[in-house]
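Student: Structure file structure.cif, mmCIF, C-alpha atoms, is pasted below:
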data_coords
#
loop_
_atom_site.label_atom_id
_atom_site.label_comp_id
_atom_site.auth_asym_id
_atom_site.auth_seq_id
_atom_site.Cartn_x
_atom_site.Cartn_y
_atom_site.Cartn_z
CA MET B 843 0.94 33.47 -47.58
CA ILE B 844 0.64 34.17 -43.85
CA ASN B 845 1.06 30.85 -42.02
CA ILE B 846 -0.50 30.20 -38.63
CA LEU B 847 -0.38 27.16 -36.36
CA PHE B 848 -3.07 26.10 -33.88
CA CYS B 849 -2.92 22.99 -31.68
CA GLY B 850 -5.80 21.42 -29.81
CA ASN B 851 -8.85 19.21 -29.63
CA ASP B 852 -12.57 19.62 -30.27
CA LYS B 853 -12.96 21.68 -27.08
CA VAL B 854 -11.02 24.62 -28.55
CA PHE B 855 -13.14 25.02 -31.68
CA ASP B 856 -14.58 28.23 -30.17
CA GLY B 857 -11.11 29.60 -29.61
CA MET B 858 -9.93 28.84 -33.13
CA LEU B 859 -13.05 30.39 -34.63
CA THR B 860 -12.87 33.60 -32.56
CA THR B 861 -9.12 33.98 -33.09
CA MET B 862 -9.50 33.54 -36.85
CA LEU B 863 -12.34 36.05 -36.99
CA SER B 864 -10.28 38.58 -35.05
CA ILE B 865 -7.48 38.20 -37.60
CA PHE B 866 -9.83 38.65 -40.56
CA LYS B 867 -11.62 41.63 -39.06
CA ARG B 868 -8.54 43.50 -37.85
CA THR B 869 -6.27 42.88 -40.84
CA THR B 870 -6.29 44.80 -44.13
CA THR B 871 -3.76 42.73 -46.08
CA LYS B 872 -4.92 40.95 -49.23
CA GLU B 873 -2.35 38.20 -48.63
CA PRO B 874 -4.06 34.83 -48.04
CA PHE B 875 -3.83 32.88 -44.79
CA CYS B 876 -3.02 29.22 -44.22
CA PHE B 877 -4.09 27.83 -40.84
CA TYR B 878 -2.48 24.56 -39.79
CA ILE B 879 -4.21 22.62 -37.02
CA PHE B 880 -2.31 19.89 -35.16
CA THR B 881 -4.77 17.58 -33.42
CA MET B 882 -5.16 14.00 -32.17
CA ASN B 883 -7.50 11.64 -30.35
CA VAL B 884 -6.01 10.50 -27.03
CA SER B 885 -9.26 9.60 -25.30
CA ASP B 886 -7.45 6.64 -23.74
CA ILE B 887 -5.67 9.20 -21.54
CA LYS B 888 -8.89 11.08 -20.77
CA PRO B 889 -12.31 10.51 -22.38
CA THR B 890 -12.69 14.19 -23.29
CA TYR B 891 -9.39 14.28 -25.23
CA LEU B 892 -10.99 13.95 -28.67
CA ASP B 893 -9.49 15.30 -31.86
CA LEU B 894 -10.82 18.35 -33.65
CA GLY B 895 -12.89 16.54 -36.26
CA GLU B 896 -12.85 17.00 -39.99
CA ASP B 897 -16.34 18.54 -39.82
CA MET B 898 -15.00 21.32 -37.58
CA ALA B 899 -11.90 21.82 -39.71
CA ASN B 900 -14.00 21.95 -42.87
CA TYR B 901 -16.29 24.53 -41.32
CA LEU B 902 -13.33 26.68 -40.25
CA ASP B 903 -12.04 26.36 -43.81
CA SER B 904 -15.37 27.58 -45.21
CA VAL B 905 -15.34 30.56 -42.83
CA ALA B 906 -11.77 31.39 -43.88
CA LYS B 907 -12.69 31.16 -47.57
CA SER B 908 -15.65 33.51 -47.04
CA TYR B 909 -13.08 36.24 -46.37
CA ASN B 910 -10.66 35.24 -49.13
CA CYS B 911 -11.13 32.29 -51.47
CA GLU B 912 -7.39 31.61 -51.27
CA ASN B 913 -7.47 31.13 -47.49
CA LYS B 914 -7.25 27.55 -46.27
CA VAL B 915 -7.36 25.43 -43.13
CA ILE B 916 -5.26 22.26 -43.04
CA ARG B 917 -6.01 19.69 -40.34
CA ILE B 918 -3.08 17.41 -39.44
CA ASP B 919 -3.46 14.36 -37.22
CA VAL B 920 -0.21 14.03 -35.24
CA LEU B 921 -1.19 11.01 -33.14
CA ASP B 922 1.55 8.82 -34.62
CA LEU B 923 4.17 11.44 -33.75
CA TYR B 924 2.76 11.79 -30.25
CA ASN B 925 2.81 8.04 -29.66
CA LYS B 926 6.38 7.82 -30.91
CA GLU B 927 7.75 10.83 -29.02
CA PHE B 928 5.70 11.50 -25.90
CA ARG B 929 3.55 8.51 -25.02
CA GLY B 930 4.16 7.73 -21.36
CA SER B 931 6.48 10.70 -20.87
CA PRO B 932 6.79 12.49 -17.50
CA ASN B 933 4.82 15.43 -18.97
CA GLU B 934 1.87 13.52 -20.40
CA GLN B 935 -0.30 14.71 -17.49
CA CYS B 936 1.14 18.22 -17.64
CA TYR B 937 -0.42 21.38 -16.18
CA CYS B 938 -2.60 21.99 -19.24
CA SER B 939 -3.12 18.94 -21.50
CA PRO B 940 -1.11 16.78 -23.92
CA TYR B 941 -2.21 19.16 -26.69
CA THR B 942 0.11 21.86 -25.44
CA LEU B 943 3.02 19.61 -26.47
CA LEU B 944 1.99 19.38 -30.11
CA ARG B 945 3.70 22.57 -31.30
CA LEU B 946 7.00 20.83 -30.62
CA PHE B 947 6.29 18.71 -33.73
CA ALA B 948 6.46 21.69 -36.12
CA ASP B 949 9.81 20.55 -37.53
CA MET B 950 8.68 16.92 -37.95
CA VAL B 951 5.51 17.49 -39.96
CA PRO B 952 6.31 17.51 -43.70
CA ASP B 953 5.89 20.63 -45.84
CA MET B 954 5.56 23.13 -43.01
CA PRO B 955 6.58 26.68 -44.05
CA ASP B 956 9.84 28.31 -42.97
CA LYS B 957 8.00 31.14 -41.19
CA LEU B 958 5.13 30.18 -38.95
CA LEU B 959 3.14 32.01 -36.29
CA TYR B 960 2.07 29.74 -33.44
CA LEU B 961 -0.96 31.01 -31.52
CA ASP B 962 -2.75 29.76 -28.44
CA VAL B 963 -6.46 29.73 -29.16
CA ASP B 964 -7.33 32.14 -26.34
CA VAL B 965 -5.98 35.21 -28.14
CA MET B 966 -7.73 38.02 -29.99
CA PHE B 967 -6.16 40.42 -32.45
CA ASN B 968 -6.85 44.05 -31.66
CA ARG B 969 -4.72 45.34 -34.53
CA ASP B 970 -3.36 44.14 -37.88
CA ILE B 971 -1.56 40.78 -37.80
CA THR B 972 1.10 42.05 -40.20
CA LEU B 973 2.49 44.23 -37.40
CA LEU B 974 3.65 40.95 -35.87
CA TYR B 975 4.06 38.61 -38.81
CA ASP B 976 6.25 40.99 -40.82
CA ILE B 977 8.85 41.25 -38.04
CA ASP B 978 12.23 40.01 -39.29
CA VAL B 979 13.29 36.87 -37.42
CA SER B 980 15.89 35.69 -39.94
CA ASP B 981 18.66 35.78 -37.32
CA TYR B 982 16.61 34.16 -34.54
CA GLU B 983 14.93 30.86 -33.77
CA TYR B 984 11.72 32.61 -32.79
CA ALA B 985 10.28 35.86 -31.46
CA SER B 986 8.11 36.17 -28.37
CA ALA B 987 7.00 38.59 -25.67
CA ARG B 988 7.53 38.41 -21.94
CA ASP B 989 5.20 36.52 -19.65
CA HIS B 990 3.29 39.02 -17.53
CA TYR B 991 3.88 37.20 -14.24
CA GLY B 992 7.04 35.29 -15.14
CA LYS B 993 9.00 38.46 -15.88
CA TYR B 994 8.56 39.40 -12.21
CA LEU B 995 8.58 35.99 -10.52
CA ILE B 996 11.15 34.06 -12.59
CA GLN B 997 13.42 36.34 -14.61
CA PRO B 998 13.03 39.60 -16.62
CA ASN B 999 13.11 37.95 -20.07
CA TYR B 1000 10.97 34.95 -19.22
CA ILE B 1001 8.69 34.46 -22.22
CA ASN B 1002 5.07 33.45 -22.66
CA ALA B 1003 4.84 30.72 -25.29
CA GLY B 1004 1.26 31.51 -26.30
CA VAL B 1005 2.46 33.67 -29.19
CA LEU B 1006 5.58 32.46 -31.01
CA LEU B 1007 6.82 33.68 -34.37
CA PHE B 1008 8.83 30.69 -35.57
CA ASN B 1009 11.78 30.82 -37.94
CA LEU B 1010 11.36 27.12 -38.64
CA LYS B 1011 14.30 27.02 -41.04
CA ARG B 1012 16.67 28.26 -38.33
CA MET B 1013 15.03 26.04 -35.73
CA LYS B 1014 15.79 22.96 -37.82
CA GLU B 1015 19.42 24.06 -38.08
CA THR B 1016 19.83 24.48 -34.31
CA ASN B 1017 17.65 21.44 -33.44
CA ILE B 1018 15.84 23.48 -30.80
CA LEU B 1019 12.62 21.45 -31.06
CA SER B 1020 14.48 18.16 -31.02
CA LYS B 1021 16.25 19.27 -27.82
CA ALA B 1022 12.93 20.37 -26.33
CA ARG B 1023 11.33 17.02 -27.15
CA GLU B 1024 14.18 15.21 -25.44
CA LEU B 1025 13.56 17.24 -22.28
CA ILE B 1026 9.85 16.41 -22.42
CA LYS B 1027 10.72 12.71 -22.64
CA THR B 1028 13.18 12.69 -19.75
CA LYS B 1029 12.32 15.41 -17.23
CA HIS B 1030 9.14 16.52 -15.50
CA LEU B 1031 8.91 20.26 -16.20
CA VAL B 1032 6.68 22.73 -14.38
CA PHE B 1033 5.42 24.34 -17.58
CA ALA B 1034 6.08 21.38 -19.86
CA ASP B 1035 6.69 22.49 -23.46
CA GLN B 1036 7.18 26.14 -22.54
CA SER B 1037 9.92 25.21 -20.08
CA ALA B 1038 11.48 22.79 -22.60
CA LEU B 1039 11.46 25.41 -25.35
CA ILE B 1040 13.05 28.07 -23.13
CA ARG B 1041 15.78 25.70 -21.93
CA SER B 1042 16.60 24.70 -25.53
CA THR B 1043 16.71 28.20 -27.00
CA THR B 1044 19.90 29.45 -28.60
CA LYS B 1045 18.73 32.88 -29.76
CA LYS B 1046 15.33 34.53 -29.48
CA LYS B 1047 14.01 37.98 -30.36
CA MET B 1048 12.19 39.72 -27.54
CA LEU B 1049 8.99 41.47 -28.57
CA PRO B 1050 7.20 44.39 -26.89
CA GLN B 1051 4.37 43.38 -24.54
CA LYS B 1052 1.77 44.71 -26.99
CA PHE B 1053 2.24 41.54 -29.04
CA ASN B 1054 1.05 39.38 -26.14
CA ASP B 1055 -0.84 41.45 -23.56
CA GLN B 1056 -1.96 38.95 -20.92
CA LYS B 1057 -3.52 41.43 -18.52
CA PHE B 1058 -4.41 44.71 -20.24
CA LEU B 1059 -5.99 45.95 -23.44
CA HIS B 1060 -4.55 49.22 -24.74
CA LYS B 1061 -5.11 51.00 -28.05
CA HIS B 1062 -1.64 49.87 -29.09
CA THR B 1063 -2.26 46.22 -28.07
CA VAL B 1064 -1.87 43.95 -31.08
CA ILE B 1065 -2.84 40.71 -29.30
CA ARG B 1066 -4.90 40.38 -26.14
CA HIS B 1067 -4.17 37.00 -24.61
CA PHE B 1068 -7.05 35.76 -22.42
CA SER B 1069 -4.87 33.57 -20.20
CA LYS B 1070 -5.53 32.75 -16.56
CA ARG B 1071 -4.87 35.81 -14.43
CA LEU B 1072 -4.94 37.06 -10.86
CA PHE B 1073 -7.71 39.31 -9.58
CA TRP B 1074 -7.39 41.15 -6.28
CA LEU B 1075 -11.05 42.02 -5.77
CA PRO B 1076 -13.36 41.25 -4.11
CA TYR B 1077 -10.68 38.89 -2.70
CA PRO B 1078 -7.44 37.52 -4.22
CA HIS B 1079 -8.33 34.79 -6.72
CA THR B 1080 -7.55 33.53 -10.22
CA ASP B 1081 -9.98 33.20 -13.08
CA ASN B 1082 -9.61 31.80 -16.58
CA ILE B 1083 -11.91 34.01 -18.64
CA LYS B 1084 -11.75 33.28 -22.36
CA GLN B 1085 -12.88 35.53 -25.19
CA TRP B 1086 -15.90 33.33 -25.93
CA HIS B 1087 -17.14 33.85 -22.35
CA ILE B 1088 -18.85 36.96 -23.69
CA SER B 1089 -20.81 37.97 -20.59
CA LYS B 1090 -17.65 37.90 -18.46
CA VAL B 1091 -15.66 39.75 -21.12
CA HIS B 1092 -18.27 42.51 -20.79
CA LYS B 1093 -18.87 42.42 -17.04
CA VAL B 1094 -15.42 41.62 -15.66
CA PHE B 1095 -13.12 43.23 -18.22
CA GLY B 1096 -15.49 45.87 -19.56
CA TYR B 1097 -14.37 45.07 -23.12
CA TYR B 1098 -16.74 45.91 -25.96
CA GLN B 1099 -14.04 46.40 -28.61
CA PHE B 1100 -14.43 42.81 -29.80
CA ASP B 1101 -18.21 42.79 -30.09
CA ASP B 1102 -18.25 42.82 -33.90
CA ILE B 1103 -16.08 39.68 -33.83
CA LEU B 1104 -18.01 37.97 -31.02
CA PHE B 1105 -21.43 38.64 -32.54
CA GLU B 1106 -20.30 37.00 -35.78
CA TYR B 1107 -18.87 34.14 -33.74
CA ILE B 1108 -22.28 33.56 -32.10
CA TYR B 1109 -23.98 33.50 -35.52
CA LEU B 1110 -21.40 31.15 -37.07
CA LYS B 1111 -21.33 28.82 -34.06
CA LYS B 1112 -25.13 28.45 -34.15
CA LYS B 1113 -24.99 27.87 -37.90
CA PHE B 1114 -22.42 25.11 -37.39
CA GLU B 1115 -24.45 23.47 -34.63
CA LYS B 1116 -27.65 23.62 -36.68
CA GLY B 1117 -25.89 22.03 -39.64
CA ASN B 1118 -24.74 19.16 -37.42
CA GLU B 1119 -28.07 18.39 -35.74
#
Translate the structure described by the file into structure tokens.

Tutor:
Amino acid sequence: MINILFCGNDKVFDGMLTTMLSIFKRTTTKEPFCFYIFTMNVSDIKPTYLDLGEDMANYLDSVAKSYNCENKVIRIDVLDLYNKEFRGSPNEQCYCSPYTLLRLFADMVPDMPDKLLYLDVDVMFNRDITLLYDIDVSDYEYASARDHYGKYLIQPNYINAGVLLFNLKRMKETNILSKARELIKTKHLVFADQSALIRSTTKKKMLPQKFNDQKFLHKHTVIRHFSKRLFWLPYPHTDNIKQWHISKVHKVFGYYQFDDILFEYIYLKKKFEKGNE
């Protein structure tokens, strides 16, 4: 079983669907997938912070099973953990949203697998997932690639936490996530959970940039991460183009390599919406 973790609310349904489709369409393995989704309703913090509902999770499960009947999607409500650990913390209004903190609960949720691939939902697989998942991390807490901007602006091995291959067994032994949670509770951190994770790390495996390309798409790219990036033309500015912004993916990036995935996404999204009218 290949185990994958997503975290988020109802607003990232498009990201989960497109990321899953990219995995199915770029992977040849017959091994089944298990997708864990950590979610919660914290609309008291912000009205739009609604959980990814069971209807969405069930639909993602049906899509997964259409590729392999052994695939499954497991939705896990972590609100109780959030209230216990992070409610009212200095990072509750962090740079992204409270949902970015949820991956720090991976060691607290019962029955999570020893090996787990955490993915931000704004990533697309360009090549087979096994190129990443089969990497040996038995001697490390996790494996990750460098952050495109952080490796220049902060330090050469500064990681991007959007793609993390967890050795959860080792992480429980070193208490890395417990240490990270304590930092979240007590200190305001610029990049919240990413900063807390980096500060708590004992031993990580550095991956080539092809496993988390945040700016370019090469033939050898395994994962293209559609994170916020800097554009120089027609004037210096940042933009946060996601893979489901299909017109911009075509016009700004000139990417057509994902069209088979994105066309199926359009069909499946409309099918979901029609079924929920």

Student: I'd like the contact shell of Met966 in chain B - 8 Å cut-off, all atoms listed in the file, skipping same-chain residues fewer than 4 positions apart - returned as number ranges by chain.

Tutor: B: 860-861, 864-865, 1065-1068, 1085

Student: In Å, with one decimal, what is the gap from CA of Ala987 in chain B to CA of Thr1043 in chain B?

Tutor: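 CA of Ala987 in chain B sits 14.3 Å away from CA of Thr1043 in chain B.
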
Student: Running the PyMOL selection byres ((chain B and resi 1103) around 10) on this model by hand, what would come out? Give it as an MDAnalysis selection string.

Tutor: chainID B and resid 859:868 966 1099:1102 1104:1108

Student: Neighbouring residues of Phe1033 in chain B were defined as those with any atom within 12 Å, considering only C-alpha atoms; residues of the same chain fewer than 4 positions away were excluded. Please report them as a PyMOL selection string.

Tutor: chain B and resi 932-940+942-943+992+1001-1003+1025-1026+1029+1037-1041

Student: Taking the file as I've supplied it (selection: the PyMOL selection byres ((chain B and resi 894-910) around 10)), which residues are included? Please answer as a ChimeraX atom specification.

Tutor: /B:849-855,858-859,862-863,866-867,872-883,891-893,911-919,1110-1111,1113-1114,1118

Student: Mind pulling up the distance from CA of Ala985 in chain B to CA of Leu1019 in chain B?

Tutor: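 Between CA of Leu1019 in chain B and CA of Ala985 in chain B the gap is 14.6 Å.
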
Student: The PyMOL selection byres ((chain B and resi 1058) around 12) on the file shown: which residues, as a PDB file with C-alpha atoms, in the coordinates of the input?

Tutor:
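See selection.pdb below for the written result:
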ATOM      1  CA  ASN B 968      -6.850  44.050 -31.660  1.00  0.00           C
ATOM      2  CA  HIS B 990       3.290  39.020 -17.530  1.00  0.00           C
ATOM      3  CA  GLN B1051       4.370  43.380 -24.540  1.00  0.00           C
ATOM      4  CA  LYS B1052       1.770  44.710 -26.990  1.00  0.00           C
ATOM      5  CA  PHE B1053       2.240  41.540 -29.040  1.00  0.00           C
ATOM      6  CA  ASN B1054       1.050  39.380 -26.140  1.00  0.00           C
ATOM      7  CA  ASP B1055      -0.840  41.450 -23.560  1.00  0.00           C
ATOM      8  CA  GLN B1056      -1.960  38.950 -20.920  1.00  0.00           C
ATOM      9  CA  LYS B1057      -3.520  41.430 -18.520  1.00  0.00           C
ATOM     10  CA  LEU B1059      -5.990  45.950 -23.440  1.00  0.00           C
ATOM     11  CA  HIS B1060      -4.550  49.220 -24.740  1.00  0.00           C
ATOM     12  CA  LYS B1061      -5.110  51.000 -28.050  1.00  0.00           C
ATOM     13  CA  HIS B1062      -1.640  49.870 -29.090  1.00  0.00           C
ATOM     14  CA  THR B1063      -2.260  46.220 -28.070  1.00  0.00           C
ATOM     15  CA  VAL B1064      -1.870  43.950 -31.080  1.00  0.00           C
ATOM     16  CA  ILE B1065      -2.840  40.710 -29.300  1.00  0.00           C
ATOM     17  CA  ARG B1066      -4.900  40.380 -26.140  1.00  0.00           C
ATOM     18  CA  HIS B1067      -4.170  37.000 -24.610  1.00  0.00           C
ATOM     19  CA  PHE B1068      -7.050  35.760 -22.420  1.00  0.00           C
ATOM     20  CA  SER B1069      -4.870  33.570 -20.200  1.00  0.00           C
ATOM     21  CA  ARG B1071      -4.870  35.810 -14.430  1.00  0.00           C
ATOM     22  CA  PHE B1095     -13.120  43.230 -18.220  1.00  0.00           C
ATOM     23  CA  GLY B1096     -15.490  45.870 -19.560  1.00  0.00           C
ATOM     24  CA  TYR B1097     -14.370  45.070 -23.120  1.00  0.00           C
TER      25      TYR B1097
END

Student: Around all the atoms of range 886-900 of chain B listed in the file, draw an axis-aligned box and extend it by 5 Å on each of the six sides; I want its centre and edge lengths in Å to one decimal, as lines of an AutoDock Vina configuration file.

Tutor:
center_x = -11.0
center_y = 14.3
center_z = -31.8
size_x = 20.7
size_y = 25.3
size_z = 32.1

Student: Ranking B:Val965, B:Leu1010, B:Ile971, B:Val1005 by minimum distance to Ile1083 in chain B and counting all atoms listed in the file, which one comes first?

Tutor: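 Of B:Val965, B:Leu1010, B:Ile971, B:Val1005, the one nearest Ile1083 in chain B, counting all atoms listed in the file, is B:Val965.
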
Student: Hey, which of B:Asn925, B:Thr869, B:Asn1009, B:Gln997 ends up closest to Leu973 in chain B? Count all atoms listed in the file.

Tutor: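 Residue with the minimum atom-to-atom distance to Leu973 in chain B: B:Thr869.
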
Student: Ranking B:Pro889, B:Asp962, B:Val920, B:Leu1049 by minimum distance to Ile977 in chain B and counting all atoms listed in the file, which one comes first?

Tutor: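 Ranked by minimum distance to Ile977 in chain B, first place goes to B:Leu1049.
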
Student: Calculated over only C-alpha atoms, which of the candidates B:Gly857, B:Lys1046, B:Arg945, B:Val951 has the smallest distance to Asp922 in chain B?

Tutor: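 Distance minimum relative to Asp922 in chain B lands on B:Val951.
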
Student: Using CA of Val979 in chain B and CA of Ser1042 in chain B as the two end points, give the distance in Å to one decimal.

Tutor: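 Answer for the CA of Val979 in chain B to CA of Ser1042 in chain B separation: 17.3 Å.
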
Student: Counting all atoms listed in the file, which residue out of B:Val963, B:Pro1050, B:Lys1116, B:Lys1021 sits closest to Lys1084 in chain B?

Tutor: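 For Lys1084 in chain B, the nearest of the given residues is B:Val963.
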